[in-house]
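Asks: Below you will find the structure I want to go over with you.
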Amino acid sequence: MLQNIIVKELEQIVGEKNLITARIPLATYAYDASQFFGTPDAVVFPTTTEMVSAIFKLAQRYDLEITPRGAGTCLSGGAVASQGGIVISMNKMNRILDINPGARTVLAEAGAINKQVQLLAEPYGLMFAPDPGSLNVATIGGNISENAGGMRGVKYGCTKDHILGLELVLPTGEIVTTGEMVSPSEEQIDLSYFLCGSEGTLGVVTKALLSLTPINSHVVTMTAVFDNLADAGDCVADIIAKGVIPTTMEIMDNTLIRAVEDYAKLGLPVNAEALLLLEVDGFSSEVEVQFTAIIESFKTNKAQNYTIANSELERLSLWKARRSANGALGKLKPSMVVQDIVVPRDRLPIMLSNVSALAQKYGIIIAQVAHAGDGNLHPHLLYDHRISQENEVIESVCDEIFKEALAQGGTLSGEHGIGLEKIKYMPLAFSQESLNYMKRLKTAFDPQAKLNPGKLISEGMGEGFHDPAASC
């Protein structure tokens, strides 16, 4: 509980209506989309960058931790106040300040919703390329914090590839700008790329200048059915090896196919062991060449059959199937942990097979979906958190998945971040020299180590880890 003097000062900064300190309302900000939990001492809702700066200065004076928060869709505990302190919610800094179709840019506050940016850009034939599964509610600030990607990531990259400049507040309370938001009279190293993906541990973004991408009018969407996951993985590697870079390339396993069909009734092939969904876009001649190469790969990699969407309605139906994954799987078990690992594309078949083997080994349900084009797997582990034995099993399965991904030359995260969940595995993924370098960077930005503590970078690189099952 905060001292009364601190509460009064926070009220003076943001106003009484933009401050929560009561126990029950605080509970709604004690978790994100992960299985972690930590109740803050206060939640503040600033409406200006200057307010954010003042909050940081107050936190420094009273030695308080700060946890930045967008929509709370983080799947690795990144928005959880694991050590108490103040949560800064960016929900009220949600304006889209400007769109310049000619320059293909949007200036948005950190709390603006990804989908709102998409809808604003669409009439101009433009899009904001990052499209995470949570785009309907996820904030731009959250996308930047986690370097979100999404299904279009294989062709258009992640959030960092679409940031032109940032306005942010450092832990000292200093307001700084980067990239194209810097005055032409000032020269500095562009830290935009560096800050993207730092999980809110170095500063809090308040505004972002985003680059928009033209929407290609010529699009072909197709699916292929396979008798096993490994064949689908081989097909992915073969398509990329041919020089084809699809807009999207997703794999769904049989567990997910059946769950989505039961949930949405879209006519999916429920007997297929794997479904590969692809989309290519570009000039008509370019798409025709890619289409021919993909069909050839289907035939040489044991696809049982393939279909092509003949209308926009059919195309949208296919992508509805993919985006229905979490809702569909939520009907099968009361609890779900969504993992996020990346392996080299040529290791995708074996990683898919090994995760399936873990489901057999531990007797649990694992539904697999992957942004297959860039080797990003999202195993969905389904269980009942009310059964202590199942909690222990999930912890063991997660441990094996992380270690297997690293053994295959992969990484701990593609787009969900390290957060609280994976920090104890950082010494397995990085050398001590690399970890020390990260710590020095953290210290340079946040010498008191009070900004989003225990996430991504910590003094012990493992201290502060919370058991995802025990914290349900």
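If you're wondering about the labels, chains in the structure tokens are A, B, ... by order shown, residues count from 1 in each chain, ligands from 1 in order shown.
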Please identify the alpha helix (DSSP H) residues within range 193-248 of chain A (assignment by DSSP from backbone atoms) and present them as a ChimeraX atom specification.

Replies: /A:193-195,229-241

Asks: Could you check which of A:Asn376, A:Ser192, A:Asn18, A:Ser76 is closest to Gly150 in chain A, using only C-alpha atoms?

Replies: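 Looking at the shortest contact to Gly150 in chain A, the residue is A:Asn376.
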
Asks: Point out the residue among A:Pro269, A:Gly200, A:Pro184, A:Gly373 with the least atom-to-atom distance to Ala241 in chain A, counting only C-alpha atoms.

Replies: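 Once distances to Ala241 in chain A are computed over only C-alpha atoms, the minimum belongs to A:Gly373.
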
Asks: Set the distance at 9 Å and use only C-alpha atoms: which residues neighbour Leu210 in chain A once local chain neighbours fewer than 5 positions away are removed? I'd like the list as JSON, numbers by chain.

Replies: {"A": [104, 105, 106, 107, 108, 128, 162, 163, 164, 165, 166]}

Asks: Do you know which residues are at most 10 Å from Leu75 in chain A counting only C-alpha atoms, after dropping those on the same chain fewer than 4 positions away, and could you put them as a PyMOL selection string?

Replies: chain A and resi 32-36+79+337-340+415-421

Asks: Give me the residues near range 348-359 of chain A as a PyMOL selection string, where near means some atom within 7 Å (using only C-alpha atoms) and where sequence neighbours in that chain fewer than 6 positions away do not count.

Replies: chain A and resi 229-230+233-234+365-366+375+397+401

Asks: At a cut-off of 8 Å, using only C-alpha atoms, what residues contact Tyr306 in chain A? Leave out same-chain residues fewer than 5 positions from it and give the result as a PyMOL selection string.

Replies: chain A and resi 222-225+298

Asks: Store the residues picked out above, limited to C-alpha atoms, as a PDB file, in the first residue's frame.

Replies:
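Final output, saved to out-v3.pdb:
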```
ATOM      1  CA  MET A 222      -4.780 -21.334 -51.011  1.00  0.00           C
ATOM      2  CA  THR A 223      -4.680 -24.296 -48.660  1.00  0.00           C
ATOM      3  CA  ALA A 224      -3.025 -27.711 -48.818  1.00  0.00           C
ATOM      4  CA  VAL A 225      -3.848 -30.839 -46.822  1.00  0.00           C
ATOM      5  CA  PHE A 298       2.517 -29.101 -52.988  1.00  0.00           C
TER       6      PHE A 298
END
```

Asks: From the options A:Lys455, A:Gly149, A:Asn326, A:Leu120, which residue's atoms come nearest to Ser198 in chain A, counting only C-alpha atoms?

Replies: A:Lys455

Asks: Find, counting only C-alpha atoms, the residue in A:His218, A:Arg345, A:Lys207, A:Lys160 that gets nearest to Thr48 in chain A.

Replies: A:Lys207

Asks: How far is it from CA of Glu250 in chain A to CA of Val117 in chain A, in Å with one decimal?

Replies: 23.9 Å

Asks: As a PyMOL selection string, please: the residues near Ser284 in chain A (cut-off 9 Å, only C-alpha atoms, same-chain neighbours under 2 positions excluded).

Replies: chain A and resi 217-219+281-282+286-289

Asks: Okay, now the selection with N, CA and C atoms, as a PDB file, in the first residue's frame?

Replies:
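That gives us part09.pdb:
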```
ATOM      1  N   SER A 217      -3.360  -5.273 -54.801  1.00  0.00           N
ATOM      2  CA  SER A 217      -4.707  -5.612 -55.260  1.00  0.00           C
ATOM      3  C   SER A 217      -4.818  -7.049 -55.746  1.00  0.00           C
ATOM      4  N   HIS A 218      -3.693  -7.635 -56.157  1.00  0.00           N
ATOM      5  CA  HIS A 218      -3.738  -9.003 -56.675  1.00  0.00           C
ATOM      6  C   HIS A 218      -3.299  -9.969 -55.577  1.00  0.00           C
ATOM      7  N   VAL A 219      -4.234 -10.794 -55.120  1.00  0.00           N
ATOM      8  CA  VAL A 219      -3.988 -11.706 -54.002  1.00  0.00           C
ATOM      9  C   VAL A 219      -4.528 -13.088 -54.351  1.00  0.00           C
ATOM     10  N   ASP A 281       0.792 -12.070 -52.610  1.00  0.00           N
ATOM     11  CA  ASP A 281       0.270 -10.837 -53.185  1.00  0.00           C
ATOM     12  C   ASP A 281       1.359 -10.146 -53.984  1.00  0.00           C
ATOM     13  N   GLY A 282       0.943  -9.183 -54.803  1.00  0.00           N
ATOM     14  CA  GLY A 282       1.897  -8.455 -55.627  1.00  0.00           C
ATOM     15  C   GLY A 282       1.306  -8.141 -56.982  1.00  0.00           C
ATOM     16  N   GLU A 286       3.869 -11.392 -61.068  1.00  0.00           N
ATOM     17  CA  GLU A 286       4.666 -11.897 -59.944  1.00  0.00           C
ATOM     18  C   GLU A 286       3.904 -12.982 -59.193  1.00  0.00           C
ATOM     19  N   VAL A 287       2.627 -12.739 -58.940  1.00  0.00           N
ATOM     20  CA  VAL A 287       1.808 -13.705 -58.215  1.00  0.00           C
ATOM     21  C   VAL A 287       1.665 -14.994 -59.011  1.00  0.00           C
ATOM     22  N   GLU A 288       1.540 -14.883 -60.325  1.00  0.00           N
ATOM     23  CA  GLU A 288       1.405 -16.081 -61.170  1.00  0.00           C
ATOM     24  C   GLU A 288       2.636 -16.974 -61.065  1.00  0.00           C
ATOM     25  N   VAL A 289       3.813 -16.365 -61.069  1.00  0.00           N
ATOM     26  CA  VAL A 289       5.055 -17.141 -60.941  1.00  0.00           C
ATOM     27  C   VAL A 289       5.113 -17.825 -59.575  1.00  0.00           C
TER      28      VAL A 289
END
```

Asks: Out of A:Gly330, A:Pro379, A:Gly85, A:Gly363, which residue has the shortest atom-to-atom distance to Val342 in chain A when counting only C-alpha atoms?

Replies: A:Pro379

Asks: Using only C-alpha atoms, which of A:Leu191, A:Ile13, A:Val369, A:Leu435 sits nearest Ala321 in chain A?

Replies: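 Ranked by minimum distance to Ala321 in chain A, first place goes to A:Val369.
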
Asks: What's the separation between CA of Glu296 in chain A and CA of Val154 in chain A, in Å to one decimal place?

Replies: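 Between CA of Glu296 in chain A and CA of Val154 in chain A the gap is 20.2 Å.
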
Asks: Per residue of range 324-427 of chain A within 7 Å of range 258-267 of chain A, note the shortest atom pair and the distance in Å to one decimal, counting only C-alpha atoms, and order the rows by chain and increasing residue number, as CSV.

Replies:
```
residue,atom,partner,partner_atom,distance
A:Ser324,CA,A:Val260,CA,6.4
A:Ala325,CA,A:Val260,CA,6.2
A:Ala328,CA,A:Val260,CA,5.2
A:Leu329,CA,A:Ala259,CA,6.0
```
